[in-house]
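A.B. asks: This is the structure, below, for whatever I ask next.
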Amino acid sequence: MEKTVDYQKIEKSARTRRTCRNVITYVLLTLWAVIVLFPFYWMFLTSVKSYGAYNSEYIPRFYTLSPTLQNYIDAFTTVPLGKYLVNTLIFAVATTAIMLIVIVLAAFAFARLDFKGKNIVFVIFLSLMMIPNELVIITNFVTVTNLDMRNTFTGLILPSVTSVFYIYLLKENFEQIPDGLYYAAKVDGTSDLKYLLKVMIPISRPTLITVTILKVIECWNSYVWPRLITDDENYYLVSNGIQEIRENGFGRENIPAMMAAVVVISVPLIILFLIFHKKIMEGVSRGGTKG
């Protein structure tokens, strides 16, 4: 006697497994979202607690019944935070603009030009990625000091105007452009610079946008180098301002005012990332895929 296949039971069982899998997936994603977003919640919560209320909490509370905006006022009145924001904007824009010029030309040279020892030079160049930035800070500090560029925007900017990783990422992107376009352009008498500007840069725009956004975020969050190279308030960045606000706590650290400053500083970066996050993902995927 042949066994009859109950397709309804099979379909119901498959639907049940799929539902369970989706529930588990969403539960894990929700848990991960809570873990990721909790520091932002805690930062904002602390920024609306009064200085006295925060310091009187022996056990941290996850809520407040008397929120205040005084910490935001203190963040701008305790130190010239607005001026530090302008300095940081100048630093980020200038550094990113110069770096784009450097990495575009370097990536073009490695991706398109033929010169003796190119592969060896590129391998040596990539090996620099193995050196942590912290190891070259002392050398950079001595160099900038000897050149009398401390407490200047030039001293702040110069050590950050190149990146081996970004050059590598852009080179991989340039190499995806068919060679036929380059040879056709050379037949028409197009110079290398014109080909770079008219063909390669427009095609590689997603990667360039990605690099630009990541570099701006990196400069905005820069802490160690600005703290080391500047002791003149006219050149302080927001990292200097946060430390000043923290230390102005009447004998104790003023954490609420510091958190308020961090919220103000973080909002532009969060907005920037939310607007361009698709471009970032597209640029990274284009730069890391050959074909």
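Identifiers for the structure tokens are assigned positionally: chains receive A, B, ... in sequence, residues are indexed from 1 per chain, and ligands are indexed from 1 in the order shown.
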Just the residues within 12 Å of Tyr63 in chain A, please, counting only C-alpha atoms, with nothing from its chain fewer than 2 positions along; format it as number ranges by chain.
C.D. replies: A: 41-49, 53-54, 57, 59-61, 65-67
A.B. asks: Name the residues in contact with Ile213 in chain A at a cut-off of 9 Å, using only C-alpha atoms, excluding same-chain residues fewer than 2 positions from it; report them as a ChimeraX atom specification.
C.D. replies: /A:96,208-211,215-218,272-273,276,280
A.B. asks: When distances are computed from only C-alpha atoms, which of A:Val199, A:Ile242, A:Leu100, A:Leu274 shows the smallest separation from Asp179 in chain A?
C.D. replies: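 Closest residue, counting only C-alpha atoms: A:Val199.
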